[in-house]
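Each remark here refers to the structure printed beneath this line.
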Amino acid sequence: MSIQLGVFFQGVNFSTVWSHPDSGSQTEFESFRRLIETAERGLFTAFFLGEGLRLREHLGALHALDVAGRPDAFTQLAALAAITRDIGLVATQNTTYNDPVDLAHRLQSLDLLSGGRAAWNVVTTDNAWTGENFRRGGYLDHSDRYSHAADVIAIARRVWDSRDPAGIAVDRQAPQWGAAPAPFQYDTGYYSVDASGSLPRSPQEHPVLFQAGDSGEGRDFAARHAEVIFSAHNTFEAARDFAHDIRARTVAAGRPADDLKIFPGQEFIIADTLAEVDDKVRWVRENQVTPATALAFVEQLWGTSLDGHDPDGDLPSFDPVQAETGETRGAGFRAAKALETATAWRALAETKKLSLRELVIEIGTRRGFAGTADSIADELIPFSEQHVVDGFNVSPWLVPTGLDDIVNKLVPAMQERGIYWTEYPGETLRENLGLRAPLTRRGGAGVQTPTAAAPEPADAHG
Amino acid sequence: MGERTALGVLFRVLEMSTSPFAVIVDIDGAGSHPAAWRHADAEPGELLSAAWVSANVSAAERAGVTAVTFSDHPLPPRDVDGPTARLDAVLQASFTAPLTSALGLIPVVHGLYTEPFHLATQTATVDTASLGRAGVLIEGDEDPRIAARHGREPLPARLVAEELTDVVEAIRRLWDTWEGDAVIRDVSTGRFFDPAKVHYADFEGHRFSVRGPAILPRSPQGQLPVFSAHSGIGADVVLVDAPLDASLGAVREARAAHPADTRVILELETALDRAGQTGAERVAALDEHAVWAGSGRARYVGNAEGLARILVSLTDVVDGVRIRPAVLGHDLDELARAVLPRLRDVGVFRSPLVGSTLRESLGLGATVNRFAEVSR
């Protein structure tokens, strides 16, 4: 079966190389136009945008080393909807600092403007530091973030299900255009809303829901509510294990196993010949992890400035000055016992004879595919045959030309091997993803739990 | 000919002022008449489609108007003859950004219960996508049902102006947090941006605070033109209601109620003669379904020449008009065909140029970044 491709316009990270002459603006519209038009030419399923709620900080100051700056996701995707026809438009939106009814209405507007191509990547950032930019501040208990997110999704579905399409006039002589839907009430425990949806549903009924949880709780949340799950598990074995686990959780949630599509993040480094692959990988990694970035990465763990330290030398000889990581705020680093991690890093550096910067490249960059278009396409065949992924979400390391090699070289090589489609199969994002109707719209109220139907796709293929 | 000469003198006087006359058209469903959908060039169900939005905005750009506003309200209209839903205004503005090249795009946003941080990013995103043609029209309605929609405490009416003032200031500070040359891409230091040129907004309002900085680097205009019907909240342009009379006395009075350095735009409903029907006949036909209630707002019903004459005399009194066409496509057609060419002929109106910003089209001067001034 076809492996699908999505593209993540990252915006904020060190995996985007900004020092190369081909690196364009990260925020000007032309960069977005160039990237999404290339993606659509390559029959990509979806175009993803992240969400920025607070500019990242490092050791108490703005973190200036990585690309920074993002447009508002829904707003930018509306502009991109006007210049595209088939590609899905996925906005990351947080459930804590967006108002549920407002979020749902804007997303439904995007869904209508794009003819049924909108999706929402549900994230649950809840820290008070982010809350300093918002009216409610840091109001949410961290332990409630998923239950609150479930409430927000429930409210969104009420908004989307508000309008009875049969109530809209079919001709200009009707008694009226159509009555406003009745309001509904919903109490999240933190606040209650009293509102109604107003818009009709798009051709795909509801926007598609994406999620990226990786903890057990996050995976269960996705299994209950989402229709596509991102993951970091992009090697074959990791992807296979993840697919097993996710499909089991999806069935346990009362849904068919293939109700939740799996899209690991992925990076591709494509060279013209096999002999050039290693050089190109090294070049990309060294541009992603500059000397300053390598030091900043280690500083996060050490909790102190390493100004003057040689990035091409060893890790600091002194121990981290904090018990828990002083994370680069907003970077999503997991808190961990600093000393424990430092010991592990030192061991790794010693075993592999790595400098500080080489170590950061080793542990801090993605294990993507590197090779020629043909060698990578060959590597992808078992992913397709054994259906361990539904697609990959590509993070280009160069903006806006970072998809050129993938679309011009890898896509044709995959098509030759029968593992990539040659045209879009449907007209909406939901159709292209091969998804069923939204959970609340499968003939009857509430979540339908099909039992006899729904073949188990995992491992049965190939 | 005599009229033309007199107008020529008027034109030369206007040339000396810095404020060009703005003609703005409101995009709202099928038009401002509550039964407009019954005469619209779209099926009822198509009024909430991309095709309808782009058709009207493209028509406005072809007509050469200064800008369009996209009306919006947090509560869907109830108990009305016409549509009971609207597409989000910011998204409409953004959707039409790549489809237009000279027209100003001004979405309505509601300031009382929404997040100023989001509003600042959303509107700056439209400005970035349109290469500097975005504005924002800030409304504030203390209706407790809006508060309930957002899950917030309702704000008493007496605090509306205070809250909107805070919201405008917070948004303006966020827009200034990135200096125009903050992105430096300096390979020698590994710095993508210069942290000395990115500032915290540190806004403390009466009921909320925003730390900043903005998440998006400075947009082409930096400071978008801010419109509002509320006076004294820090908007660049105030929209006023006043009935039309022969001497324009009420309009002059409305103008005089605002400081001289505030731009004043008159709200103006229009129903023009068209295709063998007079404006009055068109309104009467629609009024059979739902009455177009007057509300002290200027309304012109008649032929294109008469409207052109009124607009020419208004150039002496206000900085522009926001036209609310009775039926969007039809009145916009007449405006393009017979009204705007006449204004251009006599030299009182110029259409926006491709590549110009909305600030430039409105004659608003350059702005100084409040944070850059402090840091230098």
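Each chain in the structure tokens gets a letter, A, B and so on, in the order shown; residues start at 1 in every chain, and ligands are counted from 1 in the order they appear.
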Counting only C-alpha atoms, which residues in chain B sit no more than 6 Å from chain A? For each one, give the nearest pair of atoms and the distance in Å, sorted by chain then residue number, as JSON lines.
```
{"residue": "B:Arg38", "atom": "CA", "partner": "A:Arg172", "partner_atom": "CA", "distance": 4.7}
{"residue": "B:Ala50", "atom": "CA", "partner": "A:Leu113", "partner_atom": "CA", "distance": 4.7}
{"residue": "B:Arg78", "atom": "CA", "partner": "A:Ala180", "partner_atom": "CA", "distance": 5.6}
{"residue": "B:Asp81", "atom": "CA", "partner": "A:Gln176", "partner_atom": "CA", "distance": 4.9}
{"residue": "B:Gly82", "atom": "CA", "partner": "A:Trp177", "partner_atom": "CA", "distance": 5.0}
{"residue": "B:Pro83", "atom": "CA", "partner": "A:Trp177", "partner_atom": "CA", "distance": 5.4}
{"residue": "B:Thr84", "atom": "CA", "partner": "A:Ala180", "partner_atom": "CA", "distance": 5.4}
{"residue": "B:Ala85", "atom": "CA", "partner": "A:Ser198", "partner_atom": "CA", "distance": 5.1}
{"residue": "B:Leu87", "atom": "CA", "partner": "A:Ser109", "partner_atom": "CA", "distance": 5.2}
{"residue": "B:Asp88", "atom": "CA", "partner": "A:Arg106", "partner_atom": "CA", "distance": 5.8}
{"residue": "B:Leu91", "atom": "CA", "partner": "A:Thr75", "partner_atom": "CA", "distance": 5.4}
{"residue": "B:Ser94", "atom": "CA", "partner": "A:Ala79", "partner_atom": "CA", "distance": 4.9}
{"residue": "B:Phe95", "atom": "CA", "partner": "A:Ala79", "partner_atom": "CA", "distance": 4.1}
{"residue": "B:Thr121", "atom": "CA", "partner": "A:Asp72", "partner_atom": "CA", "distance": 5.8}
{"residue": "B:Gln122", "atom": "CA", "partner": "A:Asp72", "partner_atom": "CA", "distance": 5.3}
{"residue": "B:Thr125", "atom": "CA", "partner": "A:Pro71", "partner_atom": "CA", "distance": 5.3}
{"residue": "B:Ala129", "atom": "CA", "partner": "A:Phe29", "partner_atom": "CA", "distance": 5.1}
{"residue": "B:Ala148", "atom": "CA", "partner": "A:Asp194", "partner_atom": "CA", "distance": 5.1}
{"residue": "B:Arg149", "atom": "CA", "partner": "A:Ala195", "partner_atom": "CA", "distance": 4.8}
{"residue": "B:His150", "atom": "CA", "partner": "A:Asp99", "partner_atom": "CA", "distance": 5.9}
{"residue": "B:Gly151", "atom": "CA", "partner": "A:Val193", "partner_atom": "CA", "distance": 4.6}
{"residue": "B:Gly190", "atom": "CA", "partner": "A:Ala292", "partner_atom": "CA", "distance": 5.7}
{"residue": "B:Arg191", "atom": "CA", "partner": "A:Leu65", "partner_atom": "CA", "distance": 4.4}
{"residue": "B:Phe192", "atom": "CA", "partner": "A:Leu65", "partner_atom": "CA", "distance": 5.1}
{"residue": "B:Phe193", "atom": "CA", "partner": "A:Ala64", "partner_atom": "CA", "distance": 5.3}
{"residue": "B:Phe208", "atom": "CA", "partner": "A:Arg135", "partner_atom": "CA", "distance": 5.3}
{"residue": "B:Val210", "atom": "CA", "partner": "A:Asn133", "partner_atom": "CA", "distance": 4.4}
{"residue": "B:Arg211", "atom": "CA", "partner": "A:Asn133", "partner_atom": "CA", "distance": 5.3}
{"residue": "B:Ile215", "atom": "CA", "partner": "A:Gly69", "partner_atom": "CA", "distance": 5.2}
{"residue": "B:Leu216", "atom": "CA", "partner": "A:Gly69", "partner_atom": "CA", "distance": 4.4}
{"residue": "B:Pro217", "atom": "CA", "partner": "A:Gly69", "partner_atom": "CA", "distance": 5.7}
```
Could you save the residues just selected, with C-alpha atoms, as a JSON list (two decimals), in the first residue's frame?
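out32.json written:
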```json
[["chain", "number", "residue", "atom", "x", "y", "z"],
["B", 38, "ARG", "CA", -32.75, 36.79, -1.74],
["B", 50, "ALA", "CA", -14.49, 30.27, -0.54],
["B", 78, "ARG", "CA", -30.54, 35.11, 15.50],
["B", 81, "ASP", "CA", -34.28, 36.74, 7.56],
["B", 82, "GLY", "CA", -30.76, 36.25, 6.23],
["B", 83, "PRO", "CA", -27.72, 34.08, 7.03],
["B", 84, "THR", "CA", -27.24, 33.03, 10.66],
["B", 85, "ALA", "CA", -23.54, 32.28, 10.30],
["B", 87, "LEU", "CA", -16.89, 32.68, 8.37],
["B", 88, "ASP", "CA", -14.18, 33.94, 10.71],
["B", 91, "LEU", "CA", -9.38, 33.87, 8.01],
["B", 94, "SER", "CA", -5.98, 35.91, 5.05],
["B", 95, "PHE", "CA", -7.60, 33.69, 2.44],
["B", 121, "THR", "CA", -0.31, 37.29, 15.93],
["B", 122, "GLN", "CA", -3.32, 36.66, 13.74],
["B", 125, "THR", "CA", 0.08, 37.13, 9.99],
["B", 129, "ALA", "CA", 0.84, 37.24, 3.96],
["B", 148, "ALA", "CA", -20.33, 32.92, 28.18],
["B", 149, "ARG", "CA", -19.14, 31.78, 24.76],
["B", 150, "HIS", "CA", -15.55, 32.29, 25.93],
["B", 151, "GLY", "CA", -16.14, 31.00, 29.43],
["B", 190, "GLY", "CA", 25.64, 31.40, 15.48],
["B", 191, "ARG", "CA", 22.82, 33.85, 16.15],
["B", 192, "PHE", "CA", 19.69, 33.70, 14.03],
["B", 193, "PHE", "CA", 18.33, 36.87, 15.59],
["B", 208, "PHE", "CA", -4.79, 41.11, 32.03],
["B", 210, "VAL", "CA", 1.03, 40.05, 28.41],
["B", 211, "ARG", "CA", 4.72, 39.28, 28.73],
["B", 215, "ILE", "CA", 5.96, 34.99, 18.21],
["B", 216, "LEU", "CA", 6.14, 36.48, 14.70],
["B", 217, "PRO", "CA", 8.88, 38.90, 13.56]]
```
For range 101-104 of chain B, list every protein, DNA or RNA residue within 10 Å, evaluated using only C-alpha atoms, and leave out those in the same chain fewer than 2 positions away; present the list as a PDB file with N, CA and C atoms, in the first residue's frame.
```
ATOM      1  N   ILE B  24     -13.971  52.477   1.498  1.00  0.00           N
ATOM      2  CA  ILE B  24     -13.877  51.127   2.037  1.00  0.00           C
ATOM      3  C   ILE B  24     -15.234  50.458   1.835  1.00  0.00           C
ATOM      4  N   VAL B  57     -14.323  39.882  -2.939  1.00  0.00           N
ATOM      5  CA  VAL B  57     -13.085  40.607  -2.684  1.00  0.00           C
ATOM      6  C   VAL B  57     -12.390  40.932  -4.007  1.00  0.00           C
ATOM      7  N   SER B  58     -12.419  39.999  -4.941  1.00  0.00           N
ATOM      8  CA  SER B  58     -11.830  40.281  -6.250  1.00  0.00           C
ATOM      9  C   SER B  58     -12.577  41.418  -6.938  1.00  0.00           C
ATOM     10  N   ALA B  60     -14.065  43.845  -5.459  1.00  0.00           N
ATOM     11  CA  ALA B  60     -13.670  45.084  -4.772  1.00  0.00           C
ATOM     12  C   ALA B  60     -12.304  45.552  -5.265  1.00  0.00           C
ATOM     13  N   GLU B  61     -11.406  44.602  -5.465  1.00  0.00           N
ATOM     14  CA  GLU B  61     -10.078  45.007  -5.952  1.00  0.00           C
ATOM     15  C   GLU B  61     -10.172  45.548  -7.387  1.00  0.00           C
ATOM     16  N   ARG B  62     -10.955  44.885  -8.211  1.00  0.00           N
ATOM     17  CA  ARG B  62     -11.120  45.377  -9.588  1.00  0.00           C
ATOM     18  C   ARG B  62     -11.747  46.762  -9.582  1.00  0.00           C
ATOM     19  N   ALA B  63     -12.688  46.984  -8.668  1.00  0.00           N
ATOM     20  CA  ALA B  63     -13.335  48.303  -8.587  1.00  0.00           C
ATOM     21  C   ALA B  63     -12.344  49.374  -8.168  1.00  0.00           C
ATOM     22  N   GLY B  64     -11.290  48.974  -7.472  1.00  0.00           N
ATOM     23  CA  GLY B  64     -10.278  49.944  -7.069  1.00  0.00           C
ATOM     24  C   GLY B  64     -10.573  50.639  -5.754  1.00  0.00           C
ATOM     25  N   VAL B  65     -11.388  50.017  -4.896  1.00  0.00           N
ATOM     26  CA  VAL B  65     -11.624  50.639  -3.594  1.00  0.00           C
ATOM     27  C   VAL B  65     -10.362  50.532  -2.740  1.00  0.00           C
ATOM     28  N   THR B  66     -10.294  51.361  -1.702  1.00  0.00           N
ATOM     29  CA  THR B  66      -9.103  51.406  -0.866  1.00  0.00           C
ATOM     30  C   THR B  66      -8.916  50.107  -0.077  1.00  0.00           C
ATOM     31  N   ALA B  67     -10.000  49.603   0.464  1.00  0.00           N
ATOM     32  CA  ALA B  67      -9.910  48.436   1.344  1.00  0.00           C
ATOM     33  C   ALA B  67     -11.285  47.815   1.494  1.00  0.00           C
ATOM     34  N   VAL B  68     -11.301  46.590   1.983  1.00  0.00           N
ATOM     35  CA  VAL B  68     -12.560  45.977   2.405  1.00  0.00           C
ATOM     36  C   VAL B  68     -12.468  45.657   3.890  1.00  0.00           C
ATOM     37  N   THR B  69     -13.603  45.721   4.569  1.00  0.00           N
ATOM     38  CA  THR B  69     -13.687  45.182   5.925  1.00  0.00           C
ATOM     39  C   THR B  69     -14.459  43.868   5.848  1.00  0.00           C
ATOM     40  N   ALA B  93      -9.872  37.360   5.554  1.00  0.00           N
ATOM     41  CA  ALA B  93      -8.873  38.345   5.112  1.00  0.00           C
ATOM     42  C   ALA B  93      -7.612  37.633   4.644  1.00  0.00           C
ATOM     43  N   THR B  96      -7.929  35.814   1.279  1.00  0.00           N
ATOM     44  CA  THR B  96      -7.938  36.658   0.087  1.00  0.00           C
ATOM     45  C   THR B  96      -6.611  37.378  -0.122  1.00  0.00           C
ATOM     46  N   ALA B  97      -5.690  37.289   0.839  1.00  0.00           N
ATOM     47  CA  ALA B  97      -4.402  37.981   0.692  1.00  0.00           C
ATOM     48  C   ALA B  97      -3.648  37.562  -0.570  1.00  0.00           C
ATOM     49  N   PRO B  98      -3.496  36.249  -0.837  1.00  0.00           N
ATOM     50  CA  PRO B  98      -2.749  35.889  -2.047  1.00  0.00           C
ATOM     51  C   PRO B  98      -3.548  36.117  -3.337  1.00  0.00           C
ATOM     52  N   LEU B  99      -4.822  36.406  -3.210  1.00  0.00           N
ATOM     53  CA  LEU B  99      -5.671  36.583  -4.400  1.00  0.00           C
ATOM     54  C   LEU B  99      -5.776  38.048  -4.804  1.00  0.00           C
ATOM     55  N   ILE B 106      -9.228  44.317   5.991  1.00  0.00           N
ATOM     56  CA  ILE B 106      -9.444  44.736   7.383  1.00  0.00           C
ATOM     57  C   ILE B 106     -10.482  43.843   8.049  1.00  0.00           C
ATOM     58  N   PRO B 107     -10.041  42.825   8.784  1.00  0.00           N
ATOM     59  CA  PRO B 107     -11.010  41.979   9.492  1.00  0.00           C
ATOM     60  C   PRO B 107     -11.490  42.635  10.774  1.00  0.00           C
ATOM     61  N   ASP B 127      -0.982  40.575   7.745  1.00  0.00           N
ATOM     62  CA  ASP B 127      -0.134  41.634   7.192  1.00  0.00           C
ATOM     63  C   ASP B 127       1.069  41.041   6.461  1.00  0.00           C
ATOM     64  N   SER B 130      -0.055  39.378   3.209  1.00  0.00           N
ATOM     65  CA  SER B 130      -0.539  40.337   2.190  1.00  0.00           C
ATOM     66  C   SER B 130       0.523  41.369   1.840  1.00  0.00           C
ATOM     67  N   LEU B 131       1.727  41.198   2.343  1.00  0.00           N
ATOM     68  CA  LEU B 131       2.822  42.141   2.075  1.00  0.00           C
ATOM     69  C   LEU B 131       2.464  43.554   2.521  1.00  0.00           C
ATOM     70  N   GLY B 132       1.789  43.651   3.666  1.00  0.00           N
ATOM     71  CA  GLY B 132       1.570  44.972   4.263  1.00  0.00           C
ATOM     72  C   GLY B 132       0.243  45.620   3.943  1.00  0.00           C
ATOM     73  N   ARG B 133      -0.777  44.816   3.673  1.00  0.00           N
ATOM     74  CA  ARG B 133      -2.076  45.414   3.321  1.00  0.00           C
ATOM     75  C   ARG B 133      -3.151  45.157   4.380  1.00  0.00           C
ATOM     76  N   ALA B 134      -2.773  44.726   5.564  1.00  0.00           N
ATOM     77  CA  ALA B 134      -3.773  44.402   6.580  1.00  0.00           C
ATOM     78  C   ALA B 134      -4.031  45.571   7.521  1.00  0.00           C
ATOM     79  N   GLY B 135      -5.265  45.652   7.963  1.00  0.00           N
ATOM     80  CA  GLY B 135      -5.639  46.525   9.063  1.00  0.00           C
ATOM     81  C   GLY B 135      -6.437  45.688  10.035  1.00  0.00           C
ATOM     82  N   SER B 351      -7.197  55.062  -6.461  1.00  0.00           N
ATOM     83  CA  SER B 351      -7.214  53.654  -6.070  1.00  0.00           C
ATOM     84  C   SER B 351      -5.842  53.262  -5.549  1.00  0.00           C
ATOM     85  N   PRO B 352      -5.791  52.292  -4.654  1.00  0.00           N
ATOM     86  CA  PRO B 352      -4.490  51.875  -4.108  1.00  0.00           C
ATOM     87  C   PRO B 352      -3.628  51.241  -5.194  1.00  0.00           C
ATOM     88  N   LEU B 353      -2.341  51.403  -5.049  1.00  0.00           N
ATOM     89  CA  LEU B 353      -1.409  50.887  -6.036  1.00  0.00           C
ATOM     90  C   LEU B 353      -0.922  49.503  -5.632  1.00  0.00           C
ATOM     91  N   VAL B 354      -0.649  48.676  -6.629  1.00  0.00           N
ATOM     92  CA  VAL B 354      -0.061  47.370  -6.353  1.00  0.00           C
ATOM     93  C   VAL B 354       1.260  47.577  -5.623  1.00  0.00           C
ATOM     94  N   GLY B 355       1.428  46.885  -4.536  1.00  0.00           N
ATOM     95  CA  GLY B 355       2.686  46.983  -3.798  1.00  0.00           C
ATOM     96  C   GLY B 355       2.684  48.028  -2.701  1.00  0.00           C
ATOM     97  N   SER B 356       1.641  48.856  -2.643  1.00  0.00           N
ATOM     98  CA  SER B 356       1.620  49.840  -1.558  1.00  0.00           C
ATOM     99  C   SER B 356       1.012  49.205  -0.310  1.00  0.00           C
ATOM    100  N   THR B 357       1.402  49.702   0.841  1.00  0.00           N
ATOM    101  CA  THR B 357       0.839  49.185   2.087  1.00  0.00           C
ATOM    102  C   THR B 357      -0.477  49.906   2.386  1.00  0.00           C
ATOM    103  N   LEU B 358      -1.241  49.351   3.299  1.00  0.00           N
ATOM    104  CA  LEU B 358      -2.494  50.012   3.672  1.00  0.00           C
ATOM    105  C   LEU B 358      -2.196  51.353   4.343  1.00  0.00           C
ATOM    106  N   ARG B 359      -1.160  51.408   5.145  1.00  0.00           N
ATOM    107  CA  ARG B 359      -0.786  52.697   5.756  1.00  0.00           C
ATOM    108  C   ARG B 359      -0.555  53.744   4.672  1.00  0.00           C
ATOM    109  N   SER B 361      -1.732  53.694   1.546  1.00  0.00           N
ATOM    110  CA  SER B 361      -2.993  54.002   0.861  1.00  0.00           C
ATOM    111  C   SER B 361      -3.848  54.965   1.676  1.00  0.00           C
ATOM    112  N   LEU B 362      -3.752  54.856   2.991  1.00  0.00           N
ATOM    113  CA  LEU B 362      -4.544  55.728   3.866  1.00  0.00           C
ATOM    114  C   LEU B 362      -3.829  57.034   4.175  1.00  0.00           C
TER     115      LEU B 362
END
```
Show which residues sit within 9 Å of Asp161 in chain A, as a compact mmCIF listing (two decimals) with C-alpha atoms, in the first residue's frame. Count only C-alpha atoms, and ignore same-chain residues fewer than 2 positions away.
```txt
# COMPACT_ATOMS: atom_id res chain seq x y z
CA ALA A 156 -15.39 21.48 19.41
CA ARG A 157 -17.48 18.53 18.27
CA ARG A 158 -20.60 20.13 19.74
CA VAL A 159 -19.81 23.27 17.75
CA ARG A 163 -25.95 23.08 12.44
CA ASP A 164 -28.51 20.86 10.76
CA GLY A 197 -21.92 26.50 16.48
CA PRO A 200 -22.49 24.14 8.18
CA ARG A 201 -20.11 21.19 8.00
CA GLU A 205 -17.83 16.82 7.95
CA HIS A 206 -15.31 17.48 10.74
CA THR A 440 -19.75 11.58 16.33
CA ARG A 441 -21.11 11.19 12.80
```
Notebook entry, point to check: How many Å separate CA of Ala212 in chain A from CA of Ile363 in chain A?
Noted result: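 Answer for the CA of Ala212 in chain A to CA of Ile363 in chain A separation: 20.8 Å.
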Next item on the list: Determine, counting only C-alpha atoms, which protein, DNA and RNA residues have an atom within 12 Å of an atom of Pro341 in chain B; residues of the same chain fewer than 2 positions away are not included. Present the result as a list in words.
Entry: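 After dropping sequence-adjacent residues, the list is Arg62, Ala63, Gly64, Val65, Ala304, Glu305, Ala308, Asp333, Glu334, Leu335, Ala336, Arg337, Ala338, Val339, Leu343, Arg344, Asp345, Val346, Gly347, Val348, Phe349, Arg350 and Ser351 of chain B.
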Mind writing the picked residues with C-alpha atoms as a CSV table (one decimal), in the first residue's frame?
```csv
chain,number,residue,atom,x,y,z
B,62,ARG,CA,-11.1,45.4,-9.6
B,63,ALA,CA,-13.3,48.3,-8.6
B,64,GLY,CA,-10.3,49.9,-7.1
B,65,VAL,CA,-11.6,50.6,-3.6
B,304,ALA,CA,-24.7,56.7,-9.1
B,305,GLU,CA,-24.3,60.4,-10.1
B,308,ALA,CA,-20.6,60.5,-6.5
B,333,ASP,CA,-20.9,46.7,-9.5
B,334,GLU,CA,-22.5,50.1,-9.7
B,335,LEU,CA,-19.8,51.6,-7.5
B,336,ALA,CA,-17.1,50.3,-9.8
B,337,ARG,CA,-18.9,51.2,-13.0
B,338,ALA,CA,-20.3,54.6,-12.3
B,339,VAL,CA,-19.2,56.1,-9.0
B,343,LEU,CA,-14.4,60.4,-8.3
B,344,ARG,CA,-11.2,59.6,-10.1
B,345,ASP,CA,-12.0,61.9,-13.0
B,346,VAL,CA,-12.4,64.9,-10.8
B,347,GLY,CA,-9.3,63.9,-8.8
B,348,VAL,CA,-10.7,63.4,-5.3
B,349,PHE,CA,-10.0,59.7,-5.1
B,350,ARG,CA,-7.1,57.4,-6.0
B,351,SER,CA,-7.2,53.7,-6.1
```
Note to self: If DSSP is run on the backbone, what residues of range 43-287 of chain A are alpha helix (DSSP H)? A reply as JSON, numbers by chain would be ideal.
What the structure shows: {"A": [73, 74, 75, 76, 77, 78, 79, 80, 81, 100, 101, 102, 103, 104, 105, 106, 107, 108, 109, 110, 111, 112, 113, 128, 129, 130, 131, 145, 146, 147, 148, 149, 150, 151, 152, 153, 154, 155, 156, 157, 158, 159, 160, 216, 217, 218, 219, 220, 221, 222, 223, 224, 225, 236, 237, 238, 239, 240, 241, 242, 243, 244, 245, 246, 247, 248, 249, 250, 251, 252, 277, 278, 279, 280, 281, 282, 283, 284, 285, 286, 287]}
Serialized selection, C-alpha atoms, as a short mmCIF file (atom, residue, chain, number, x, y, z; two decimals), in the first residue's frame:
```cif
data_model
loop_
_atom_site.label_atom_id
_atom_site.label_comp_id
_atom_site.auth_asym_id
_atom_site.auth_seq_id
_atom_site.Cartn_x
_atom_site.Cartn_y
_atom_site.Cartn_z
CA ALA A 73 -1.29 28.64 12.10
CA PHE A 74 -4.99 28.92 11.13
CA THR A 75 -4.46 32.35 9.61
CA GLN A 76 -1.48 31.23 7.54
CA LEU A 77 -3.23 28.06 6.41
CA ALA A 78 -6.22 30.10 5.23
CA ALA A 79 -3.89 32.04 2.93
CA LEU A 80 -2.32 28.78 1.73
CA ALA A 81 -5.79 27.30 1.13
CA PRO A 100 -12.61 26.07 22.78
CA VAL A 101 -15.59 27.62 20.97
CA ASP A 102 -13.44 30.21 19.25
CA LEU A 103 -10.88 27.58 18.22
CA ALA A 104 -13.60 25.28 16.87
CA HIS A 105 -15.25 28.09 14.91
CA ARG A 106 -11.99 29.25 13.35
CA LEU A 107 -11.05 25.69 12.43
CA GLN A 108 -14.46 25.10 10.87
CA SER A 109 -14.04 28.33 8.90
CA LEU A 110 -10.72 27.03 7.59
CA ASP A 111 -12.36 23.71 6.76
CA LEU A 112 -15.02 25.47 4.67
CA LEU A 113 -12.57 27.85 2.98
CA ALA A 128 2.49 28.92 33.73
CA TRP A 129 5.47 30.37 31.86
CA THR A 130 3.49 30.12 28.61
CA GLY A 131 0.43 31.36 30.48
CA ARG A 145 -4.11 18.51 30.89
CA TYR A 146 -5.44 15.47 29.02
CA SER A 147 -8.87 15.45 30.66
CA HIS A 148 -9.15 19.15 29.90
CA ALA A 149 -8.06 18.53 26.30
CA ALA A 150 -10.79 15.88 26.02
CA ASP A 151 -13.30 18.49 27.21
CA VAL A 152 -12.04 20.96 24.60
CA ILE A 153 -12.42 18.35 21.85
CA ALA A 154 -15.91 17.51 23.10
CA ILE A 155 -16.85 21.21 22.92
CA ALA A 156 -15.39 21.48 19.41
CA ARG A 157 -17.48 18.53 18.27
CA ARG A 158 -20.60 20.13 19.74
CA VAL A 159 -19.81 23.27 17.75
CA TRP A 160 -19.30 21.31 14.54
CA GLY A 216 1.02 5.90 27.98
CA GLU A 217 -1.54 8.54 28.85
CA GLY A 218 -0.83 10.41 25.62
CA ARG A 219 -1.15 7.27 23.53
CA ASP A 220 -4.45 6.38 25.18
CA PHE A 221 -5.69 9.90 24.59
CA ALA A 222 -4.86 9.55 20.90
CA ALA A 223 -6.47 6.11 20.76
CA ARG A 224 -9.71 7.54 22.12
CA HIS A 225 -9.91 10.85 20.27
CA PHE A 236 11.64 0.07 11.31
CA GLU A 237 11.70 -1.79 14.62
CA ALA A 238 10.57 1.20 16.65
CA ALA A 239 7.80 1.99 14.16
CA ARG A 240 6.63 -1.64 14.19
CA ASP A 241 6.48 -1.78 17.98
CA PHE A 242 4.73 1.56 18.14
CA ALA A 243 2.14 0.47 15.56
CA HIS A 244 1.43 -2.73 17.54
CA ASP A 245 0.93 -0.77 20.71
CA ILE A 246 -1.19 1.99 19.16
CA ARG A 247 -3.47 -0.41 17.30
CA ALA A 248 -4.04 -2.43 20.47
CA ARG A 249 -4.91 0.73 22.37
CA THR A 250 -7.23 1.87 19.57
CA VAL A 251 -9.12 -1.43 19.64
CA ALA A 252 -9.27 -1.23 23.44
CA VAL A 277 25.99 10.17 1.30
CA ASP A 278 28.31 10.31 4.32
CA ASP A 279 29.71 13.70 3.35
CA LYS A 280 26.24 15.14 2.89
CA VAL A 281 25.00 13.80 6.20
CA ARG A 282 28.05 15.28 7.96
CA TRP A 283 27.50 18.61 6.22
CA VAL A 284 23.84 18.73 7.26
CA ARG A 285 24.56 17.76 10.86
CA GLU A 286 27.35 20.29 11.25
CA ASN A 287 25.12 23.03 9.95
#
```
Next item on the list: Would you please extract all strand (DSSP E) residues from range 183-341 of chain B, as assigned by DSSP on the backbone, and give them as a ChimeraX atom specification?
Entry: /B:183-186,191-193,203-204,209-210,226-228,237-240,263-272,298-302,320-325
